[in-house]
$ cat structure-v3.cif   # mmCIF, C-alpha atoms
data_target
loop_
_atom_site.label_atom_id
_atom_site.label_comp_id
_atom_site.auth_asym_id
_atom_site.auth_seq_id
_atom_site.Cartn_x
_atom_site.Cartn_y
_atom_site.Cartn_z
CA MET A 1 15.07 -12.80 42.17
CA ASN A 2 14.25 -9.56 43.94
CA HIS A 3 17.47 -7.80 44.94
CA GLU A 4 15.81 -4.82 46.59
CA ASN A 5 16.53 -5.96 50.12
CA ASP A 6 19.78 -7.67 49.25
CA THR A 7 22.41 -5.04 49.76
CA LEU A 8 26.13 -4.73 50.31
CA VAL A 9 26.53 -2.77 53.54
CA LEU A 10 29.67 -0.72 54.09
CA GLY A 11 29.54 1.61 57.06
CA ASP A 12 26.20 3.38 57.13
CA ARG A 13 25.43 2.84 53.44
CA ALA A 14 23.75 -0.04 51.67
CA TYR A 15 24.62 -0.62 48.02
CA THR A 16 22.43 -2.56 45.64
CA SER A 17 25.25 -3.12 43.13
CA ARG A 18 27.83 -5.78 43.91
CA LEU A 19 30.14 -4.72 41.10
CA LEU A 20 32.85 -2.19 41.89
CA LEU A 21 34.70 -0.64 38.98
CA GLY A 22 38.20 0.79 38.65
CA THR A 23 38.83 3.78 36.39
CA GLY A 24 42.38 3.03 35.23
CA LYS A 25 43.59 2.16 31.73
CA PHE A 26 40.57 3.51 29.83
CA ALA A 27 41.27 5.10 26.45
CA ASP A 28 39.66 8.36 27.57
CA ALA A 29 37.32 9.82 30.16
CA ASP A 30 34.29 9.44 27.92
CA VAL A 31 34.73 5.67 27.52
CA MET A 32 35.39 5.41 31.25
CA ALA A 33 32.22 7.32 32.11
CA ARG A 34 30.12 5.21 29.74
CA ALA A 35 31.58 2.04 31.22
CA VAL A 36 30.80 3.21 34.77
CA ALA A 37 27.24 4.00 33.74
CA ALA A 38 26.83 0.63 31.99
CA SER A 39 28.27 -1.26 34.97
CA GLY A 40 25.73 0.14 37.40
CA ALA A 41 28.64 0.33 39.88
CA GLN A 42 27.95 2.49 42.90
CA ILE A 43 31.54 2.41 44.13
CA VAL A 44 34.26 3.51 41.75
CA THR A 45 37.97 3.60 42.49
CA VAL A 46 40.27 6.47 41.62
CA ALA A 47 44.00 7.04 42.18
CA LEU A 48 46.00 10.08 43.24
CA ARG A 49 48.58 11.81 41.08
CA ARG A 50 50.45 15.06 41.00
CA PHE A 51 48.51 17.86 39.37
CA ASP A 52 49.83 18.59 35.87
CA ARG A 53 49.23 22.15 34.70
CA ASP A 54 49.62 21.02 31.09
CA ARG A 55 46.62 18.75 31.60
CA PRO A 56 44.62 20.86 34.01
CA ASN A 57 41.08 19.74 33.20
CA ASP A 58 38.96 17.64 35.47
CA ALA A 59 38.21 15.19 32.66
CA LEU A 60 38.06 12.19 34.92
CA LEU A 61 36.41 13.66 37.96
CA ALA A 62 33.69 15.77 36.36
CA PRO A 63 31.69 12.91 34.83
CA LEU A 64 32.06 10.81 37.98
CA LEU A 65 30.86 13.62 40.23
CA ALA A 66 27.92 14.17 37.89
CA MET A 67 26.68 10.62 38.57
CA ASP A 68 24.24 10.76 41.47
CA ASP A 69 24.65 7.24 42.67
CA VAL A 70 28.43 6.86 42.50
CA THR A 71 30.65 6.93 45.59
CA LEU A 72 34.34 7.44 44.96
CA MET A 73 36.75 5.07 46.64
CA PRO A 74 40.26 6.54 46.39
CA ASN A 75 43.09 4.04 46.47
CA THR A 76 46.54 4.48 47.95
CA SER A 77 48.40 3.18 44.92
CA GLY A 78 51.92 4.57 44.82
CA ALA A 79 52.29 4.39 48.59
CA ARG A 80 55.34 2.36 49.56
CA ASN A 81 54.52 1.99 53.24
CA ALA A 82 51.80 2.51 55.83
CA GLU A 83 52.76 6.11 56.50
CA GLU A 84 52.44 7.06 52.83
CA ALA A 85 49.15 5.18 52.49
CA ILE A 86 47.70 7.04 55.48
CA GLN A 87 48.83 10.34 53.99
CA ALA A 88 47.31 9.38 50.63
CA ALA A 89 44.00 8.63 52.33
CA ARG A 90 44.00 12.05 53.98
CA ILE A 91 44.81 13.80 50.71
CA ALA A 92 42.08 11.88 48.91
CA ARG A 93 39.52 12.83 51.53
CA GLU A 94 40.34 16.48 50.83
CA LEU A 95 39.48 15.86 47.19
CA CYS A 96 36.25 13.91 47.52
CA GLY A 97 35.16 13.78 51.12
CA SER A 98 34.69 10.01 50.94
CA ARG A 99 35.27 7.88 54.03
CA LEU A 100 35.92 4.87 51.81
CA VAL A 101 39.54 4.12 51.10
CA LYS A 102 41.12 1.22 49.27
CA VAL A 103 44.40 0.56 51.02
CA GLU A 104 46.84 -0.91 48.54
CA ILE A 105 50.56 -1.07 49.15
CA HIS A 106 52.47 -3.14 46.64
CA PRO A 107 56.19 -2.47 46.40
CA ASN A 108 57.07 -4.76 43.51
CA PRO A 109 55.74 -3.66 40.09
CA ARG A 110 56.43 -7.07 38.61
CA HIS A 111 53.91 -9.00 40.69
CA LEU A 112 52.05 -6.19 42.55
CA MET A 113 51.51 -8.44 45.55
CA PRO A 114 50.44 -6.52 48.65
CA ASP A 115 52.92 -5.78 51.43
CA VAL A 116 50.87 -7.36 54.21
CA ILE A 117 52.81 -5.79 57.08
CA GLU A 118 52.43 -2.23 55.83
CA THR A 119 48.86 -2.88 54.67
CA TYR A 120 47.86 -4.15 58.10
CA GLU A 121 49.44 -1.18 59.84
CA ALA A 122 47.81 1.38 57.54
CA ALA A 123 44.43 -0.35 57.85
CA ARG A 124 44.68 -0.45 61.64
CA VAL A 125 45.43 3.27 61.92
CA LEU A 126 42.85 4.37 59.36
CA ALA A 127 40.07 2.16 60.75
CA ALA A 128 40.69 3.52 64.25
CA ASP A 129 40.46 7.00 62.76
CA GLY A 130 36.96 6.34 61.38
CA TRP A 131 37.71 5.39 57.79
CA LEU A 132 35.86 2.65 55.95
CA VAL A 133 38.98 0.70 55.11
CA MET A 134 38.92 -1.66 52.14
CA PRO A 135 42.32 -3.37 52.11
CA TYR A 136 43.66 -5.08 49.00
CA ILE A 137 45.25 -8.28 50.29
CA PRO A 138 46.63 -11.62 49.21
CA PRO A 139 44.17 -14.49 49.76
CA ASP A 140 45.35 -15.05 53.32
CA PRO A 141 42.60 -16.13 55.76
CA VAL A 142 44.62 -15.21 58.86
CA LEU A 143 45.39 -11.71 57.60
CA ALA A 144 41.77 -11.27 56.56
CA LYS A 145 40.62 -12.11 60.08
CA ARG A 146 43.19 -9.79 61.65
CA LEU A 147 41.98 -6.95 59.41
CA GLU A 148 38.41 -7.68 60.42
CA GLU A 149 39.44 -7.49 64.07
CA VAL A 150 40.95 -4.02 63.67
CA GLY A 151 37.72 -2.72 62.16
CA CYS A 152 38.07 -2.86 58.39
CA ALA A 153 34.82 -2.39 56.46
CA SER A 154 35.68 -5.25 54.13
CA VAL A 155 38.59 -7.28 52.91
CA MET A 156 39.50 -7.37 49.23
CA PRO A 157 41.57 -10.46 48.49
CA LEU A 158 42.94 -10.91 45.00
CA GLY A 159 41.58 -13.63 42.76
CA ALA A 160 44.88 -13.57 40.85
CA ALA A 161 47.62 -11.00 40.16
CA ILE A 162 46.42 -7.51 39.19
CA GLY A 163 45.74 -7.28 35.49
CA SER A 164 46.72 -10.91 34.87
CA GLY A 165 43.27 -12.10 33.83
CA GLN A 166 43.92 -15.47 35.48
CA GLY A 167 40.52 -15.42 37.17
CA LEU A 168 39.89 -17.15 40.50
CA ALA A 169 43.30 -18.78 40.77
CA ALA A 170 43.02 -18.40 44.55
CA ALA A 171 39.56 -19.98 44.76
CA GLU A 172 40.33 -22.52 47.51
CA LEU A 173 41.90 -19.91 49.78
CA LEU A 174 39.03 -17.50 49.08
CA LYS A 175 36.63 -20.19 50.31
CA ILE A 176 38.45 -20.32 53.65
CA ILE A 177 38.33 -16.52 53.94
CA LEU A 178 34.60 -16.62 53.18
CA ARG A 179 33.95 -19.31 55.79
CA GLU A 180 35.63 -17.27 58.52
CA ALA A 181 34.74 -13.70 57.64
CA THR A 182 31.90 -11.69 59.14
CA ILE A 183 32.64 -8.60 57.01
CA PRO A 184 32.11 -8.35 53.25
CA VAL A 185 34.66 -10.17 51.10
CA ILE A 186 35.24 -8.53 47.75
CA VAL A 187 37.39 -10.21 45.12
CA ASP A 188 39.70 -7.54 43.78
CA ALA A 189 42.01 -8.20 40.87
CA GLY A 190 42.69 -10.99 38.45
CA LEU A 191 39.28 -11.39 36.86
CA ARG A 192 39.04 -11.50 33.09
CA ALA A 193 35.61 -12.84 32.18
CA PRO A 194 32.10 -12.20 33.51
CA SER A 195 31.77 -15.95 34.16
CA GLN A 196 34.57 -15.62 36.73
CA ALA A 197 32.70 -12.80 38.46
CA ALA A 198 29.57 -14.95 38.52
CA ALA A 199 31.61 -17.81 40.00
CA ALA A 200 32.94 -15.52 42.74
CA LEU A 201 29.41 -14.49 43.73
CA GLU A 202 28.16 -18.10 43.55
CA MET A 203 31.00 -19.05 45.89
CA GLY A 204 29.70 -16.54 48.40
CA CYS A 205 31.84 -13.48 47.76
CA ASP A 206 29.90 -10.31 48.51
CA ALA A 207 31.13 -8.37 45.49
CA VAL A 208 33.89 -8.10 42.91
CA LEU A 209 36.06 -5.22 41.78
CA VAL A 210 37.20 -5.18 38.17
CA ASN A 211 39.12 -2.71 36.07
CA THR A 212 41.41 -4.15 33.41
CA ALA A 213 38.80 -6.72 32.32
CA VAL A 214 36.54 -3.84 31.34
CA ALA A 215 39.08 -1.19 30.31
CA ASP A 216 41.01 -3.58 28.03
CA ALA A 217 37.89 -5.13 26.48
CA GLY A 218 37.11 -4.47 22.83
CA ASP A 219 33.99 -2.57 23.87
CA PRO A 220 34.41 -1.45 27.49
CA PRO A 221 30.83 -0.24 28.14
CA ALA A 222 29.42 -3.48 26.70
CA MET A 223 31.80 -5.54 28.84
CA ALA A 224 30.84 -3.48 31.90
CA ALA A 225 27.19 -4.35 31.26
CA ALA A 226 28.13 -8.03 30.83
CA PHE A 227 29.91 -8.01 34.20
CA ALA A 228 26.87 -6.39 35.80
CA GLN A 229 24.64 -9.19 34.49
CA ALA A 230 27.10 -11.87 35.59
CA VAL A 231 27.39 -10.43 39.09
CA ALA A 232 23.62 -10.24 39.43
CA ALA A 233 23.25 -13.82 38.15
CA GLY A 234 25.95 -15.12 40.48
CA ARG A 235 24.35 -13.42 43.46
CA SER A 236 20.90 -14.72 42.57
CA ALA A 237 22.31 -18.24 42.26
CA ARG A 238 24.00 -17.94 45.64
CA ARG A 239 20.77 -16.84 47.27
CA ALA A 240 18.78 -19.52 45.50
CA GLY A 241 21.08 -22.21 46.89
CA LEU A 242 23.09 -24.37 44.51
CA MET A 243 22.44 -28.09 44.36
CA PRO A 244 25.04 -30.31 45.96
CA VAL A 245 27.78 -31.96 43.92
CA GLY A 246 27.32 -35.72 43.73
CA THR A 247 29.43 -38.66 42.61
CA ASP A 248 26.67 -40.72 40.97
CA ALA A 249 24.16 -39.77 38.31
CA GLN A 250 20.72 -38.75 39.52
CA ALA A 251 17.96 -39.13 36.95
CA SER A 252 15.91 -36.04 36.36
CA SER A 253 13.38 -37.87 34.16
CA PRO A 254 11.35 -41.02 34.98
CA LEU A 255 13.19 -44.18 34.02
CA THR A 256 10.05 -46.28 33.47
CA ALA A 257 10.49 -48.23 30.21
CA PHE A 258 6.94 -47.50 29.05
CA LEU A 259 7.65 -48.07 25.35
CA GLN A 260 8.24 -51.77 26.03
CA GLY A 261 5.30 -51.87 28.38
CA GLY A 262 7.37 -53.36 31.19
CA GLU A 263 8.79 -52.24 34.53
CA ARG A 264 12.52 -51.95 34.99
CA ALA A 265 13.89 -53.96 37.81
CA MET B 1 59.86 33.32 46.30
CA ARG B 2 61.13 29.93 45.30
CA VAL B 3 59.36 26.78 46.36
CA LEU B 4 59.63 23.15 45.35
CA LEU B 5 56.38 22.46 43.52
CA ASN B 6 55.62 18.80 42.83
CA GLY B 7 59.31 18.09 43.03
CA GLU B 8 60.44 20.90 40.70
CA PRO B 9 61.89 24.31 41.65
CA TYR B 10 59.25 26.96 41.00
CA GLU B 11 59.34 30.74 41.23
CA THR B 12 56.06 32.22 42.39
CA ALA B 13 54.52 35.51 43.48
CA ALA B 14 51.96 33.62 45.55
CA ARG B 15 52.11 34.35 49.26
CA PHE B 16 49.50 31.84 50.37
CA VAL B 17 48.60 28.30 49.38
CA SER B 18 45.29 29.53 47.95
CA GLU B 19 47.16 31.95 45.66
CA LEU B 20 49.49 29.23 44.43
CA ILE B 21 46.49 27.05 43.63
CA ALA B 22 44.80 29.94 41.82
CA GLU B 23 48.01 30.45 39.81
CA GLN B 24 48.49 26.79 38.97
CA ALA B 25 45.08 25.21 38.87
CA PRO B 26 42.36 27.86 38.75
CA ALA B 27 39.65 25.52 37.46
CA ALA B 28 40.75 22.20 38.90
CA ARG B 29 40.04 20.41 42.11
CA VAL B 30 43.37 19.87 43.82
CA ALA B 31 44.56 18.97 47.28
CA ALA B 32 47.55 20.77 48.77
CA VAL B 33 50.31 19.31 50.90
CA VAL B 34 52.96 21.65 52.27
CA ASN B 35 56.04 20.11 53.87
CA ASP B 36 54.16 16.81 54.25
CA ARG B 37 51.17 18.42 55.96
CA VAL B 38 47.78 18.30 54.23
CA VAL B 39 46.35 21.83 54.12
CA PRO B 40 42.54 21.62 54.18
CA ALA B 41 40.66 23.81 51.71
CA ALA B 42 39.30 25.99 54.50
CA GLU B 43 42.83 26.84 55.67
CA GLN B 44 44.48 27.48 52.31
CA ALA B 45 43.76 31.23 52.21
CA ALA B 46 45.50 31.72 55.55
CA ALA B 47 48.35 29.25 54.96
CA ALA B 48 51.43 31.38 54.24
CA LEU B 49 54.15 30.02 51.98
CA ALA B 50 57.80 30.32 52.89
CA GLU B 51 60.97 30.19 50.82
CA GLY B 52 61.93 26.60 50.11
CA ASP B 53 58.58 25.06 51.06
CA ARG B 54 57.87 21.69 49.52
CA VAL B 55 54.43 21.96 47.96
CA GLU B 56 52.54 19.09 46.41
CA LEU B 57 49.34 19.72 44.47
CA LEU B 58 47.46 16.50 43.86
CA THR B 59 44.42 15.42 41.94
CA PHE B 60 42.60 12.23 41.00
CA ALA B 61 43.59 10.06 38.08
CA GLY B 62 42.21 6.81 36.75
CA GLY B 63 43.06 3.82 38.91
CA GLY B 64 41.75 0.47 39.98
#
$ encode --input "structure-v3.cif" --output "structure tokens"
Amino acid sequence: MNHENDTLVLGDRAYTSRLLLGTGKFADADVMARAVAASGAQIVTVALRRFDRDRPNDALLAPLLAMDDVTLMPNTSGARNAEEAIQAARIARELCGSRLVKVEIHPNPRHLMPDVIETYEAARVLAADGWLVMPYIPPDPVLAKRLEEVGCASVMPLGAAIGSGQGLAAAELLKIILREATIPVIVDAGLRAPSQAAAALEMGCDAVLVNTAVADAGDPPAMAAAFAQAVAAGRSARRAGLMPVGTDAQASSPLTAFLQGGERA
Amino acid sequence: MRVLLNGEPYETAARFVSELIAEQAPAARVAAVVNDRVVPAAEQAAAALAEGDRVELLTFAGGG
């Protein structure tokens, strides 16, 4: 199917790729850069950290900035509350000039579930200030709608816990979010296999964001390419319209018993 | 003077934020936050440091 006019719109930009890639956990910057290139991702997440003069090179940033078609989406990881997330967004904008920000506030390192109260507050303030806010949220349809109402550019509900590889554990709740949302819904976190990314797109999700599934793969660039194919296939299937699920068998071949020369009743 | 740089005490001859960045990270892209206020690149040359300032220099790292 032709995807040329099928774009993911965030703010004033239209993206042809529906695969967003995180840059964490890669063995080195070279593998990361090759994975980004193989993924075809046009939005790539990065995190903030304190500058370390013992590791002063721009190993991560240089290859990303050299890619023409890649927009950086800084995240607010490390922020413990709305105030810190807002500050992180402002610092990140100094570094890359991007209006995109992934708001993620997760106080508990054991489950990394988002703090919905602080996330909502940070998203509200940043959206009012002109940011394209992409909040990482639990699969909560009410919260998703509230974030839409305060002007978020998308919502990014988790499929399962970050890095867990449990796939679309939240599928039924994601379907409710999708039914109600009028902004892009991007499944962020939990995916392990390209088939799960395809399933998310078939379900109607607008995009997926993966990181660990690619970074922890045996061959990260090859896995990035596999996710790109799966996302494209899932989107094509969604647009093509899946057949309904039935309870009875429906023959796809004629049932005429021609070998016996008779008609079936 | 003595400032708190990324949480550690640090003795510097730098008088302005731009000089501290030149001293610490001459080739890197960093953002500067002084006493919780983000100092935009255009203002760093005129942003004077004072004894005891809390300075954070930040950069991007891999993240999802």
$ interface_residues --input "structure-v3.cif" --of "chain B" --to "chain A" --cutoff "8 Å" --atoms "all atoms listed in the file" --output "ChimeraX atom specification"
/B:6,24-25,27-33,38,40-41,56-64
$ axis_aligned_box --input "structure-v3.cif" --around "stretch 35-38 of chain B" --padding-each-side "5 Å" --output "lines of an AutoDock Vina configuration file"
center_x = 51.9
center_y = 18.5
center_z = 54.9
size_x = 18.3
size_y = 13.3
size_z = 12.1
$ closest_residue --input "structure-v3.cif" --among "A:Glu84, A:Glu202, A:Glu149, A:Glu172" --to "B:Arg37" --atoms "all atoms listed in the file"
A:Glu84
$ residues_around --input "structure-v3.cif" --residues "B:Tyr10" --least-positions-apart "2" --cutoff "12 Å" --atoms "all atoms listed in the file" --output "PyMOL selection string"
chain B and resi 1-8+12-14+20+23-24+51-56
$ resolve_selection --input "structure-v3.cif" --expression "the PyMOL selection byres ((chain A and resi 107-110) around 9)" --output "PyMOL selection string"
chain A and resi 78-81+105-106+111-115
$ resolve_selection --input "structure-v3.cif" --expression "the PyMOL selection byres ((chain B and resi 18) around 8)" --output "PyMOL selection string"
chain B and resi 16-17+19-22+44-47
$ residues_around --input "structure-v3.cif" --residues "A:Ala197" --least-positions-apart "4" --cutoff "12 Å" --atoms "only C-alpha atoms" --output "number ranges by chain"
A: 18-20, 159, 165-168, 171, 186-193, 201-210, 213, 224, 226-235
$ closest_residue --input "structure-v3.cif" --among "B:Leu49, B:Asp36, B:Pro26, B:Pro9" --to "A:Glu83" --atoms "all atoms listed in the file"
B:Asp36
$ resolve_selection --input "structure-v3.cif" --expression "the PyMOL selection byres ((chain A and resi 146) around 12)" --output "list in words"
Val116, Ile117, Thr119, Tyr120, Glu121, Ala123, Arg124, Pro135, Ile137, Asp140, Pro141, Val142, Leu143, Ala144, Lys145, Leu147, Glu148, Glu149, Val150, Gly151, Cys152, Ser154, Val155, Ile177, Glu180, Ala181, Thr182 and Ile183 of chain A
$ atom_distance --input "structure-v3.cif" --atom1 "atom CA of A:Trp131" --atom2 "atom CA of A:Arg99"
5.1 Å
$ atom_distance --input "structure-v3.cif" --atom1 "atom CA of A:Ala161" --atom2 "atom CA of A:Pro139"
10.8 Å
$ atom_distance --input "structure-v3.cif" --atom1 "atom CA of A:Val101" --atom2 "atom CA of A:Val133"
5.3 Å
$ closest_residue --input "structure-v3.cif" --among "A:Ala225, A:Ala14, A:Ala82, A:Met134" --to "A:Ala35" --atoms "all atoms listed in the file"
A:Ala225
$ build_atoms --input "structure-v3.cif" --residues "stretch 29-52 of chain B" --atoms "N, CA, C and O atoms" --output "CSV table (one decimal), keeping the file's coordinate frame"
chain,number,residue,atom,x,y,z
B,29,ARG,N,40.2,20.8,40.7
B,29,ARG,CA,40.0,20.4,42.1
B,29,ARG,C,41.4,19.8,42.5
B,29,ARG,O,41.7,18.7,42.0
B,30,VAL,N,42.1,20.4,43.4
B,30,VAL,CA,43.4,19.9,43.8
B,30,VAL,C,43.5,19.9,45.3
B,30,VAL,O,42.8,20.7,46.0
B,31,ALA,N,44.2,19.0,45.9
B,31,ALA,CA,44.6,19.0,47.3
B,31,ALA,C,46.0,19.5,47.4
B,31,ALA,O,46.8,19.3,46.5
B,32,ALA,N,46.2,20.2,48.5
B,32,ALA,CA,47.6,20.8,48.8
B,32,ALA,C,48.2,20.1,50.0
B,32,ALA,O,47.6,19.9,51.0
B,33,VAL,N,49.5,19.8,49.8
B,33,VAL,CA,50.3,19.3,50.9
B,33,VAL,C,51.6,20.2,51.0
B,33,VAL,O,52.3,20.3,50.0
B,34,VAL,N,51.8,20.8,52.1
B,34,VAL,CA,53.0,21.6,52.3
B,34,VAL,C,53.9,21.0,53.3
B,34,VAL,O,53.4,20.8,54.5
B,35,ASN,N,55.1,20.7,53.0
B,35,ASN,CA,56.0,20.1,53.9
B,35,ASN,C,55.4,18.9,54.6
B,35,ASN,O,55.5,18.8,55.8
B,36,ASP,N,54.8,18.1,53.8
B,36,ASP,CA,54.2,16.8,54.2
B,36,ASP,C,52.9,17.0,55.1
B,36,ASP,O,52.3,16.0,55.6
B,37,ARG,N,52.4,18.2,55.2
B,37,ARG,CA,51.2,18.4,56.0
B,37,ARG,C,50.0,18.8,55.0
B,37,ARG,O,50.2,19.7,54.2
B,38,VAL,N,48.9,18.0,55.1
B,38,VAL,CA,47.8,18.3,54.2
B,38,VAL,C,47.2,19.6,54.7
B,38,VAL,O,46.9,19.8,55.9
B,39,VAL,N,47.0,20.5,53.8
B,39,VAL,CA,46.4,21.8,54.1
B,39,VAL,C,44.9,21.8,53.6
B,39,VAL,O,44.6,21.8,52.4
B,40,PRO,N,44.0,21.7,54.6
B,40,PRO,CA,42.5,21.6,54.2
B,40,PRO,C,42.1,22.9,53.4
B,40,PRO,O,42.7,24.0,53.6
B,41,ALA,N,41.1,22.7,52.6
B,41,ALA,CA,40.7,23.8,51.7
B,41,ALA,C,40.3,25.1,52.5
B,41,ALA,O,40.7,26.2,52.1
B,42,ALA,N,39.7,24.9,53.7
B,42,ALA,CA,39.3,26.0,54.5
B,42,ALA,C,40.5,26.8,55.1
B,42,ALA,O,40.3,27.9,55.5
B,43,GLU,N,41.7,26.2,55.1
B,43,GLU,CA,42.8,26.8,55.7
B,43,GLU,C,43.8,27.4,54.6
B,43,GLU,O,44.8,28.0,55.0
B,44,GLN,N,43.5,27.1,53.3
B,44,GLN,CA,44.5,27.5,52.3
B,44,GLN,C,44.7,29.0,52.2
B,44,GLN,O,45.8,29.4,51.9
B,45,ALA,N,43.6,29.8,52.4
B,45,ALA,CA,43.8,31.2,52.2
B,45,ALA,C,44.6,31.8,53.3
B,45,ALA,O,45.2,32.9,53.1
B,46,ALA,N,44.7,31.2,54.4
B,46,ALA,CA,45.5,31.7,55.6
B,46,ALA,C,46.9,31.0,55.7
B,46,ALA,O,47.7,31.4,56.5
B,47,ALA,N,47.1,30.0,54.8
B,47,ALA,CA,48.4,29.2,55.0
B,47,ALA,C,49.5,29.9,54.2
B,47,ALA,O,49.5,29.9,52.9
B,48,ALA,N,50.4,30.6,54.9
B,48,ALA,CA,51.4,31.4,54.2
B,48,ALA,C,52.5,30.4,53.7
B,48,ALA,O,52.8,29.4,54.3
B,49,LEU,N,53.0,30.8,52.5
B,49,LEU,CA,54.2,30.0,52.0
B,49,LEU,C,55.5,30.6,52.4
B,49,LEU,O,55.5,31.9,52.6
B,50,ALA,N,56.5,29.8,52.5
B,50,ALA,CA,57.8,30.3,52.9
B,50,ALA,C,58.8,29.8,51.9
B,50,ALA,O,58.6,28.8,51.2
B,51,GLU,N,59.9,30.6,51.7
B,51,GLU,CA,61.0,30.2,50.8
B,51,GLU,C,61.4,28.7,51.1
B,51,GLU,O,61.6,28.3,52.2
B,52,GLY,N,61.4,28.0,50.0
B,52,GLY,CA,61.9,26.6,50.1
B,52,GLY,C,60.9,25.6,50.5
B,52,GLY,O,61.2,24.4,50.6
